[in-house]
$ cat start-v3.csv   # CSV, C-alpha atoms and all ligand atoms
chain,number,residue,atom,x,y,z
F,1,MET,CA,55.1,160.7,67.8
F,2,PRO,CA,54.5,156.9,67.1
F,3,LYS,CA,51.8,155.2,69.2
F,4,LYS,CA,53.0,153.1,72.2
F,5,LYS,CA,52.6,149.4,71.7
F,6,LYS,CA,51.8,146.7,74.3
F,7,PHE,CA,51.4,142.9,74.0
F,8,ALA,CA,47.9,141.4,74.5
F,9,ARG,CA,49.2,139.2,77.3
F,10,GLU,CA,50.2,142.2,79.4
F,11,SER,CA,46.5,142.9,79.9
F,12,CYS,CA,45.6,139.4,81.1
F,13,VAL,CA,43.7,139.2,84.4
F,14,THR,CA,42.3,136.2,86.2
F,15,MET,CA,39.7,136.6,89.0
F,16,THR,CA,38.4,133.8,91.2
F,17,GLU,CA,35.2,134.0,93.2
F,18,LEU,CA,33.3,131.5,95.4
F,19,VAL,CA,29.5,131.5,94.9
F,20,LEU,CA,28.0,132.4,98.3
F,21,PRO,CA,24.3,132.3,99.4
F,22,ASN,CA,23.9,136.1,98.9
F,23,ASP,CA,25.0,135.7,95.2
F,24,THR,CA,22.2,133.2,94.3
F,25,ASN,CA,18.6,133.1,93.3
F,26,THR,CA,15.9,131.0,94.9
F,27,LEU,CA,17.1,127.9,92.9
F,28,ASN,CA,20.6,128.3,94.5
F,29,ASN,CA,22.0,129.3,91.1
F,30,LEU,CA,24.4,132.3,90.7
F,31,MET,CA,22.4,135.4,89.8
F,32,GLY,CA,23.1,136.7,86.2
F,33,GLY,CA,23.5,140.2,87.4
F,34,LYS,CA,26.2,139.1,89.9
F,35,LEU,CA,28.1,137.4,87.2
F,36,MET,CA,27.9,140.4,84.9
F,37,HIS,CA,29.2,142.6,87.8
F,38,TRP,CA,32.2,140.3,88.1
F,39,MET,CA,32.7,140.3,84.3
F,40,ASP,CA,32.6,144.1,84.3
F,41,ILE,CA,35.2,144.3,87.0
F,42,VAL,CA,37.7,141.8,85.6
F,43,SER,CA,37.4,143.3,82.1
F,44,ALA,CA,37.8,146.8,83.4
F,45,ILE,CA,41.0,145.8,85.1
F,46,ALA,CA,42.3,144.3,81.9
F,47,ALA,CA,41.5,147.5,80.0
F,48,GLN,CA,43.2,149.5,82.7
F,49,LYS,CA,46.3,147.4,82.5
F,50,HIS,CA,46.5,148.0,78.7
F,51,SER,CA,45.8,151.7,78.8
F,52,ASN,CA,47.1,152.7,82.3
F,53,ARG,CA,44.1,155.0,82.4
F,54,ILE,CA,40.7,155.3,84.0
F,55,VAL,CA,38.3,153.4,81.9
F,56,VAL,CA,34.5,153.4,81.5
F,57,THR,CA,32.3,150.6,80.2
F,58,ALA,CA,30.9,151.5,76.8
F,59,SER,CA,29.2,148.3,75.9
F,60,ALA,CA,28.7,144.6,76.8
F,61,ASP,CA,28.0,142.2,73.9
F,62,ASN,CA,25.4,139.4,74.0
F,63,ILE,CA,25.9,137.4,77.2
F,64,SER,CA,23.9,134.2,77.3
F,65,PHE,CA,23.5,131.8,80.2
F,66,GLY,CA,23.6,128.2,79.0
F,67,GLN,CA,24.2,126.2,82.2
F,68,GLY,CA,23.5,127.5,85.7
F,69,ILE,CA,26.4,128.0,88.2
F,70,GLN,CA,25.5,126.6,91.6
F,71,LEU,CA,26.0,127.7,95.2
F,72,GLY,CA,29.4,126.6,96.3
F,73,ASN,CA,30.9,126.6,92.8
F,74,VAL,CA,34.2,128.4,92.2
F,75,VAL,CA,34.0,130.8,89.3
F,76,THR,CA,37.1,131.8,87.4
F,77,LEU,CA,37.0,134.8,85.1
F,78,LYS,CA,39.8,135.4,82.6
F,79,ALA,CA,40.0,138.7,80.7
F,80,GLN,CA,42.3,140.0,78.1
F,81,VAL,CA,42.2,142.9,75.6
F,82,THR,CA,41.8,141.7,72.0
F,83,ARG,CA,42.3,145.0,70.2
F,84,ALA,CA,42.8,148.6,70.9
F,85,PHE,CA,41.4,151.3,68.6
F,86,ASN,CA,41.7,155.0,69.3
F,87,SER,CA,40.3,155.4,72.8
F,88,SER,CA,38.4,152.2,73.0
F,89,MET,CA,39.5,148.6,73.8
F,90,GLU,CA,37.7,145.3,73.3
F,91,VAL,CA,38.1,142.8,76.1
F,92,HIS,CA,37.4,139.1,75.8
F,93,ILE,CA,36.1,137.3,79.0
F,94,VAL,CA,36.0,133.6,79.5
F,95,VAL,CA,34.1,132.3,82.5
F,96,THR,CA,34.5,128.8,83.9
F,97,ALA,CA,32.8,127.3,86.9
F,98,GLU,CA,34.1,124.4,89.0
F,99,ASP,CA,32.4,122.1,91.5
F,100,ILE,CA,35.6,121.2,93.3
F,101,PRO,CA,34.3,118.4,95.6
F,102,ALA,CA,32.6,116.7,92.6
F,103,GLY,CA,35.7,117.2,90.4
F,104,ARG,CA,33.5,118.9,87.7
F,105,LYS,CA,34.6,122.0,85.7
F,106,PHE,CA,32.8,123.6,82.7
F,107,GLU,CA,33.0,126.7,80.6
F,108,SER,CA,30.0,128.8,81.5
F,109,ASN,CA,30.2,132.0,79.4
F,110,ARG,CA,32.2,134.1,77.0
F,111,ALA,CA,31.6,137.7,76.2
F,112,PHE,CA,33.2,140.9,74.8
F,113,PHE,CA,33.1,144.1,76.7
F,114,THR,CA,34.2,147.5,75.3
F,115,PHE,CA,35.9,150.1,77.5
F,116,VAL,CA,36.9,153.7,76.7
F,117,ALA,CA,39.9,155.2,78.4
F,118,VAL,CA,39.1,158.7,79.7
F,119,ASP,CA,41.0,161.6,81.2
F,120,GLN,CA,40.1,163.2,84.6
F,121,SER,CA,37.3,165.1,83.0
F,122,GLY,CA,35.8,161.9,81.4
F,123,ARG,CA,36.9,162.8,77.9
F,124,PRO,CA,38.1,159.9,75.7
F,125,ILE,CA,41.9,159.6,75.4
F,126,GLU,CA,44.2,157.7,73.1
F,127,VAL,CA,45.4,154.2,74.1
F,128,PRO,CA,48.4,152.2,73.1
F,129,GLU,CA,48.2,149.9,70.1
F,130,LEU,CA,47.8,146.2,71.0
F,131,VAL,CA,50.2,143.6,69.6
F,132,PRO,CA,48.8,140.0,69.3
F,133,GLU,CA,51.4,137.2,69.6
F,134,THR,CA,49.6,133.8,69.7
F,135,GLU,CA,47.4,132.3,67.0
F,136,GLU,CA,44.3,132.8,69.2
F,137,GLU,CA,45.2,136.4,70.0
F,138,GLN,CA,45.7,137.1,66.2
F,139,GLU,CA,42.3,135.6,65.4
F,140,LEU,CA,40.6,137.6,68.1
F,141,TYR,CA,42.5,140.7,67.0
F,142,ASP,CA,41.4,140.3,63.3
F,143,SER,CA,37.7,139.6,64.1
F,144,ALA,CA,37.5,142.5,66.6
F,145,LEU,CA,37.0,145.0,63.7
F,146,ARG,CA,33.9,143.2,62.6
F,147,ARG,CA,32.5,143.0,66.1
F,148,ARG,CA,33.3,146.8,66.6
F,149,GLN,CA,31.4,147.7,63.4
F,150,LEU,CA,28.4,145.6,64.4
F,151,ARG,CA,28.2,147.1,67.9
F,152,LEU,CA,28.6,150.6,66.5
F,153,ILE,CA,25.8,150.0,64.1
F,154,LEU,CA,23.5,148.6,66.9
F,155,GLY,CA,24.5,151.6,69.0
F,156,LYS,CA,23.5,153.9,66.1
F,157,ARG,CA,27.1,155.3,65.9
F,158,MET,CA,27.8,153.9,62.4
F,159,LEU,CA,25.8,153.6,59.3
F,160,PRO,CA,25.5,150.0,58.0
F,161,GLN,CA,26.8,151.1,54.6
F,162,ASP,CA,30.0,152.4,56.2
F,163,ALA,CA,30.8,149.0,57.8
F,164,LYS,CA,33.2,147.8,55.1
F,165,GLU,CA,34.7,145.0,57.1
F,166,LEU,CA,31.3,143.6,58.2
F,167,LYS,CA,29.9,144.0,54.7
F,168,SER,CA,32.7,141.9,53.2
F,169,LEU,CA,31.5,139.0,55.2
F,170,PHE,CA,28.2,139.0,53.3
F,171,ASP,CA,29.5,140.1,49.9
F,172,LEU,CA,29.1,137.3,47.4
F,173,PRO,CA,30.3,137.2,43.8
F,174,SER,CA,27.6,138.6,41.6
F,175,ASP,CA,26.7,135.2,40.0
F,176,LYS,CA,25.9,133.8,43.5
F,177,LYS,CA,23.6,136.7,44.6
C,1,LIG,C1,31.8,155.8,76.4
C,1,LIG,C2,31.9,157.4,76.3
C,1,LIG,C3,33.2,157.8,77.0
C,1,LIG,C4,32.0,157.7,74.8
C,1,LIG,O1,32.1,159.1,74.8
C,1,LIG,P1,31.7,160.0,73.4
C,1,LIG,O2,31.7,161.4,73.8
C,1,LIG,O3,30.6,159.4,72.8
C,1,LIG,O4,33.1,159.8,72.6
C,1,LIG,P2,33.3,159.4,71.1
C,1,LIG,O5,32.1,159.5,70.2
C,1,LIG,O6,34.5,160.1,70.8
C,1,LIG,O7,33.7,157.8,71.2
C,1,LIG,C5,34.8,157.4,72.0
C,1,LIG,C6,35.0,156.0,71.8
C,1,LIG,O8,33.9,155.3,72.4
C,1,LIG,C7,33.5,154.3,71.5
C,1,LIG,N1,32.1,154.0,71.7
C,1,LIG,C8,31.1,154.9,72.0
C,1,LIG,N2,30.0,154.3,72.2
C,1,LIG,C9,30.2,152.9,72.0
C,1,LIG,C10,29.4,151.8,72.1
C,1,LIG,N3,28.1,151.8,72.4
C,1,LIG,N4,30.0,150.6,72.0
C,1,LIG,C11,31.3,150.5,71.7
C,1,LIG,N5,32.1,151.6,71.6
C,1,LIG,C12,31.6,152.8,71.8
C,1,LIG,C13,33.7,154.9,70.1
C,1,LIG,O9,33.7,153.9,69.1
C,1,LIG,C14,35.0,155.5,70.3
C,1,LIG,O10,36.1,154.6,70.2
C,1,LIG,P3,37.5,154.9,69.4
C,1,LIG,O11,38.0,156.2,70.1
C,1,LIG,O12,38.3,153.8,69.7
C,1,LIG,O13,37.2,155.1,68.0
C,1,LIG,C15,30.7,158.1,76.9
C,1,LIG,O14,29.5,157.8,76.2
C,1,LIG,C16,30.5,157.7,78.4
C,1,LIG,O15,31.1,158.3,79.2
C,1,LIG,N6,29.5,156.9,78.6
C,1,LIG,C17,29.1,156.4,80.0
C,1,LIG,C18,30.1,155.3,80.4
C,1,LIG,C19,29.7,154.8,81.7
C,1,LIG,O16,29.3,155.5,82.6
C,1,LIG,N7,29.8,153.5,81.8
C,1,LIG,C20,29.5,152.7,83.1
C,1,LIG,C21,28.2,152.7,83.5
C,1,LIG,S1,27.0,152.1,82.4

$ encode --input "start-v3.csv" --output "structure tokens" --more "lines below"
Ligand SMILES: CC(C)(COP(=O)(O)OP(=O)(O)OC[C@H]1O[C@@H](n2cnc3c(N)ncnc32)[C@H](O)[C@@H]1OP(=O)(O)O)[C@@H](O)C(=O)NCCC(=O)NCCS
Amino acid sequence: MPKKKKFARESCVTMTELVLPNDTNTLNNLMGGKLMHWMDIVSAIAAQKHSNRIVVTASADNISFGQGIQLGNVVTLKAQVTRAFNSSMEVHIVVTAEDIPAGRKFESNRAFFTFVAVDQSGRPIEVPELVPETEEEQELYDSALRRRQLRLILGKRMLPQDAKELKSLFDLPSDKK
């Protein structure tokens, strides 16, 4: 039977949070762990929307914190599935923070999380194919294969020599080696 197909946009989720005192460190900045918790939730919902299954977090790629998010800021997290593989899905999350009284808004973080759809016994189960429509969705879809290979190598689930897509990035014509 052919695999079911779903558009990337069908998985889009937006979550808005207000940074309250209990979410902050002693400098009144949002705690990194709290932000990661919200990122995990918003991206899990996106993966659920794509797969219509229970999902578990398999990995979270390099999250860096450039600029602190302050007490009272409004945080918006937007998540969308970039590509679906067999049972796993990569989700792209964009975080923006806004100081509404000051009229200031900035992008705080971007990250990729991977989720695996599982059955009631926790066994991985096949997910629908993802169809990108916009230019940005297509770019994220194409590059997802390289990111997948890199995280599987780092997770010791793939040998570097088997990562063909990733290898092609570094392959130079023999006269330039
Ligand atoms: C994620 C999990 C379901 C994978 O199960 P598994 O028995 O190793 O299954 P498989 O080897 O068949 O892999 C299943 C999928 O997971 C993906 N996967 C496994 N480990 C991964 C990792 N570290 N990063 C990204 N993807 C990973 C595989 O690539 C595979 O994807 P595919 O089906 O699209 O090709 C299992 O390890 C698990 O349940 N982990 C705990 C999840 C959890 O509790 N998370 C929340 C708290 S930390």

$ residues_near_point --input "start-v3.csv" --point "(42.0, 154.3, 79.5)" --cutoff "6 Å" --atoms "all atoms listed in the file" --output "list in words"
Gln48, Ser51, Arg53, Ile54, Val55, Val116, Ala117 and Val118 of chain F

$ closest_atom_pairs --input "start-v3.csv" --of "chain F" --to "ligand LIG 1 (chain C)" --cutoff "8 Å" --atoms "only C-alpha atoms and all ligand atoms" --output "CSV"
residue,atom,partner,partner_atom,distance
F:Val56,CA,C:LIG1,N7,4.7
F:Thr57,CA,C:LIG1,N7,4.1
F:Ala58,CA,C:LIG1,C1,4.4
F:Ser59,CA,C:LIG1,N4,4.6
F:Ala60,CA,C:LIG1,N4,7.8
F:Ala84,CA,C:LIG1,O12,7.0
F:Phe85,CA,C:LIG1,O12,4.1
F:Asn86,CA,C:LIG1,O12,3.6
F:Ser87,CA,C:LIG1,O11,3.6
F:Ser88,CA,C:LIG1,O12,3.7
F:Met89,CA,C:LIG1,O12,6.7
F:Thr114,CA,C:LIG1,C11,5.5
F:Phe115,CA,C:LIG1,C1,7.1
F:Val116,CA,C:LIG1,O8,5.5
F:Ala117,CA,C:LIG1,C3,7.3
F:Val118,CA,C:LIG1,C3,6.6
F:Gly122,CA,C:LIG1,O15,6.3
F:Arg123,CA,C:LIG1,C3,6.3
F:Pro124,CA,C:LIG1,C3,5.5
F:Ile125,CA,C:LIG1,O11,7.4
F:Glu126,CA,C:LIG1,O11,7.0
F:Arg148,CA,C:LIG1,C11,6.6
F:Arg151,CA,C:LIG1,N4,5.7
F:Leu152,CA,C:LIG1,N4,5.7
F:Leu154,CA,C:LIG1,N3,7.9
F:Gly155,CA,C:LIG1,N3,5.0
F:Arg157,CA,C:LIG1,N2,7.0

$ closest_residue --input "start-v3.csv" --among "F:Leu130, F:Val42, F:Val95, F:Leu150" --to "F:Lys4" --atoms "all atoms listed in the file"
F:Leu130

$ residues_around --input "start-v3.csv" --residues "stretch 29-31 of chain F" --least-positions-apart "6" --cutoff "9 Å" --atoms "only C-alpha atoms" --output "PyMOL selection string"
chain F and resi 19-21+23+68-71+73

$ residues_around --input "start-v3.csv" --residues "stretch 162-167 of chain F" --least-positions-apart "6" --cutoff "9 Å" --atoms "only C-alpha atoms" --output "ChimeraX atom specification"
/F:145-147,149-150,153

$ closest_residue --input "start-v3.csv" --among "F:Leu27, F:Met1, F:Leu18, F:Val94" --to "F:Met39" --atoms "all atoms listed in the file"
F:Val94

$ atom_distance --input "start-v3.csv" --atom1 "atom CA of F:Phe106" --atom2 "atom CA of F:Arg83"
26.5 Å

$ closest_residue --input "start-v3.csv" --among "F:Leu140, F:Met15, F:Ala97, F:Val127" --to "F:Phe112" --atoms "all atoms listed in the file"
F:Leu140

$ atom_distance --input "start-v3.csv" --atom1 "atom CA of F:Phe113" --atom2 "atom CA of F:Val91"
5.2 Å

$ atom_distance --input "start-v3.csv" --atom1 "atom CA of F:Lys49" --atom2 "atom CA of F:Lys5"
12.7 Å

$ closest_residue --input "start-v3.csv" --among "F:Val74, F:Asp142, F:Ser64, F:Gly33" --to "F:Pro101" --atoms "all atoms listed in the file"
F:Val74

$ residues_near_point --input "start-v3.csv" --point "(43.3, 140.5, 66.6)" --cutoff "10 Å" --atoms "only C-alpha atoms" --output "VMD selection string"
chain F and resid 8 81 to 84 90 130 to 145

$ write_last_selection --input "start-v3.csv" --atoms "C-alpha atoms" --output "compact mmCIF listing (two decimals), in the coordinates of the input"
# COMPACT_ATOMS: atom_id res chain seq x y z
CA ALA F 8 47.90 141.40 74.50
CA VAL F 81 42.20 142.90 75.60
CA THR F 82 41.80 141.70 72.00
CA ARG F 83 42.30 145.00 70.20
CA ALA F 84 42.80 148.60 70.90
CA GLU F 90 37.70 145.30 73.30
CA LEU F 130 47.80 146.20 71.00
CA VAL F 131 50.20 143.60 69.60
CA PRO F 132 48.80 140.00 69.30
CA GLU F 133 51.40 137.20 69.60
CA THR F 134 49.60 133.80 69.70
CA GLU F 135 47.40 132.30 67.00
CA GLU F 136 44.30 132.80 69.20
CA GLU F 137 45.20 136.40 70.00
CA GLN F 138 45.70 137.10 66.20
CA GLU F 139 42.30 135.60 65.40
CA LEU F 140 40.60 137.60 68.10
CA TYR F 141 42.50 140.70 67.00
CA ASP F 142 41.40 140.30 63.30
CA SER F 143 37.70 139.60 64.10
CA ALA F 144 37.50 142.50 66.60
CA LEU F 145 37.00 145.00 63.70

$ closest_residue --input "start-v3.csv" --among "F:Ser121, F:Gly72, F:Asp61, F:Gly32" --to "F:Ser108" --atoms "all atoms listed in the file"
F:Gly32

$ decode --input "start-v3.csv" --residues "stretch 90-101 of chain F" --atoms "all heavy atoms" --output "PDB file, in the first residue's frame"
ATOM      1  N   GLU F  90      11.806  14.895  11.823  1.00  0.00           N
ATOM      2  CA  GLU F  90      12.597  16.027  12.297  1.00  0.00           C
ATOM      3  C   GLU F  90      11.673  17.244  12.390  1.00  0.00           C
ATOM      4  O   GLU F  90      10.908  17.517  11.461  1.00  0.00           O
ATOM      5  CB  GLU F  90      13.746  16.329  11.340  1.00  0.00           C
ATOM      6  CG  GLU F  90      14.639  17.449  11.882  1.00  0.00           C
ATOM      7  CD  GLU F  90      15.602  18.002  10.855  1.00  0.00           C
ATOM      8  OE1 GLU F  90      15.140  18.649   9.892  1.00  0.00           O
ATOM      9  OE2 GLU F  90      16.811  17.813  11.002  1.00  0.00           O
ATOM     10  N   VAL F  91      11.761  17.962  13.518  1.00  0.00           N
ATOM     11  CA  VAL F  91      10.924  19.151  13.726  1.00  0.00           C
ATOM     12  C   VAL F  91      11.820  20.369  13.899  1.00  0.00           C
ATOM     13  O   VAL F  91      12.802  20.332  14.654  1.00  0.00           O
ATOM     14  CB  VAL F  91      10.024  18.992  14.982  1.00  0.00           C
ATOM     15  CG1 VAL F  91       9.109  20.205  15.141  1.00  0.00           C
ATOM     16  CG2 VAL F  91       9.200  17.712  14.915  1.00  0.00           C
ATOM     17  N   HIS F  92      11.485  21.450  13.193  1.00  0.00           N
ATOM     18  CA  HIS F  92      12.236  22.712  13.291  1.00  0.00           C
ATOM     19  C   HIS F  92      11.458  23.631  14.225  1.00  0.00           C
ATOM     20  O   HIS F  92      10.249  23.797  14.076  1.00  0.00           O
ATOM     21  CB  HIS F  92      12.337  23.331  11.897  1.00  0.00           C
ATOM     22  CG  HIS F  92      13.149  24.574  11.838  1.00  0.00           C
ATOM     23  ND1 HIS F  92      12.815  25.654  11.069  1.00  0.00           N
ATOM     24  CD2 HIS F  92      14.304  24.917  12.466  1.00  0.00           C
ATOM     25  CE1 HIS F  92      13.717  26.600  11.195  1.00  0.00           C
ATOM     26  NE2 HIS F  92      14.635  26.174  12.046  1.00  0.00           N
ATOM     27  N   ILE F  93      12.180  24.223  15.194  1.00  0.00           N
ATOM     28  CA  ILE F  93      11.533  25.126  16.156  1.00  0.00           C
ATOM     29  C   ILE F  93      12.204  26.490  16.069  1.00  0.00           C
ATOM     30  O   ILE F  93      13.432  26.586  16.109  1.00  0.00           O
ATOM     31  CB  ILE F  93      11.672  24.605  17.602  1.00  0.00           C
ATOM     32  CG1 ILE F  93      11.226  23.144  17.686  1.00  0.00           C
ATOM     33  CG2 ILE F  93      10.870  25.453  18.596  1.00  0.00           C
ATOM     34  CD1 ILE F  93      12.181  22.302  18.428  1.00  0.00           C
ATOM     35  N   VAL F  94      11.399  27.524  15.974  1.00  0.00           N
ATOM     36  CA  VAL F  94      11.905  28.899  15.997  1.00  0.00           C
ATOM     37  C   VAL F  94      11.288  29.589  17.215  1.00  0.00           C
ATOM     38  O   VAL F  94      10.076  29.564  17.408  1.00  0.00           O
ATOM     39  CB  VAL F  94      11.519  29.666  14.709  1.00  0.00           C
ATOM     40  CG1 VAL F  94      12.084  31.091  14.749  1.00  0.00           C
ATOM     41  CG2 VAL F  94      12.009  28.941  13.471  1.00  0.00           C
ATOM     42  N   VAL F  95      12.173  30.171  18.038  1.00  0.00           N
ATOM     43  CA  VAL F  95      11.714  30.835  19.263  1.00  0.00           C
ATOM     44  C   VAL F  95      11.931  32.337  19.132  1.00  0.00           C
ATOM     45  O   VAL F  95      13.046  32.779  18.831  1.00  0.00           O
ATOM     46  CB  VAL F  95      12.492  30.317  20.497  1.00  0.00           C
ATOM     47  CG1 VAL F  95      11.969  30.973  21.775  1.00  0.00           C
ATOM     48  CG2 VAL F  95      12.424  28.804  20.599  1.00  0.00           C
ATOM     49  N   THR F  96      10.889  33.113  19.379  1.00  0.00           N
ATOM     50  CA  THR F  96      11.050  34.576  19.417  1.00  0.00           C
ATOM     51  C   THR F  96      10.592  35.079  20.781  1.00  0.00           C
ATOM     52  O   THR F  96       9.712  34.485  21.410  1.00  0.00           O
ATOM     53  CB  THR F  96      10.248  35.291  18.307  1.00  0.00           C
ATOM     54  OG1 THR F  96       8.911  34.827  18.357  1.00  0.00           O
ATOM     55  CG2 THR F  96      10.805  35.061  16.942  1.00  0.00           C
ATOM     56  N   ALA F  97      11.243  36.151  21.216  1.00  0.00           N
ATOM     57  CA  ALA F  97      10.876  36.750  22.507  1.00  0.00           C
ATOM     58  C   ALA F  97      10.477  38.195  22.253  1.00  0.00           C
ATOM     59  O   ALA F  97      11.017  38.850  21.361  1.00  0.00           O
ATOM     60  CB  ALA F  97      12.056  36.687  23.458  1.00  0.00           C
ATOM     61  N   GLU F  98       9.530  38.679  23.043  1.00  0.00           N
ATOM     62  CA  GLU F  98       9.007  40.026  22.823  1.00  0.00           C
ATOM     63  C   GLU F  98       8.826  40.742  24.152  1.00  0.00           C
ATOM     64  O   GLU F  98       8.245  40.196  25.092  1.00  0.00           O
ATOM     65  CB  GLU F  98       7.654  39.883  22.105  1.00  0.00           C
ATOM     66  CG  GLU F  98       7.129  41.168  21.548  1.00  0.00           C
ATOM     67  CD  GLU F  98       5.877  40.973  20.679  1.00  0.00           C
ATOM     68  OE1 GLU F  98       5.400  39.816  20.544  1.00  0.00           O
ATOM     69  OE2 GLU F  98       5.381  41.967  20.156  1.00  0.00           O
ATOM     70  N   ASP F  99       9.373  41.964  24.184  1.00  0.00           N
ATOM     71  CA  ASP F  99       9.105  42.838  25.328  1.00  0.00           C
ATOM     72  C   ASP F  99       8.003  43.769  24.824  1.00  0.00           C
ATOM     73  O   ASP F  99       8.273  44.761  24.138  1.00  0.00           O
ATOM     74  CB  ASP F  99      10.393  43.608  25.685  1.00  0.00           C
ATOM     75  CG  ASP F  99      10.197  44.545  26.865  1.00  0.00           C
ATOM     76  OD1 ASP F  99       9.034  44.867  27.175  1.00  0.00           O
ATOM     77  OD2 ASP F  99      11.211  44.959  27.456  1.00  0.00           O
ATOM     78  N   ILE F 100       6.780  43.444  25.124  1.00  0.00           N
ATOM     79  CA  ILE F 100       5.654  44.173  24.514  1.00  0.00           C
ATOM     80  C   ILE F 100       5.624  45.655  24.938  1.00  0.00           C
ATOM     81  O   ILE F 100       5.538  46.528  24.080  1.00  0.00           O
ATOM     82  CB  ILE F 100       4.315  43.441  24.779  1.00  0.00           C
ATOM     83  CG1 ILE F 100       4.336  42.069  24.071  1.00  0.00           C
ATOM     84  CG2 ILE F 100       3.122  44.263  24.247  1.00  0.00           C
ATOM     85  CD1 ILE F 100       3.114  41.203  24.312  1.00  0.00           C
ATOM     86  N   PRO F 101       5.774  45.977  26.253  1.00  0.00           N
ATOM     87  CA  PRO F 101       5.739  47.400  26.606  1.00  0.00           C
ATOM     88  C   PRO F 101       6.839  48.217  25.916  1.00  0.00           C
ATOM     89  O   PRO F 101       6.634  49.367  25.557  1.00  0.00           O
ATOM     90  CB  PRO F 101       5.945  47.390  28.134  1.00  0.00           C
ATOM     91  CG  PRO F 101       5.499  46.042  28.550  1.00  0.00           C
ATOM     92  CD  PRO F 101       5.868  45.123  27.434  1.00  0.00           C
TER      93      PRO F 101
END
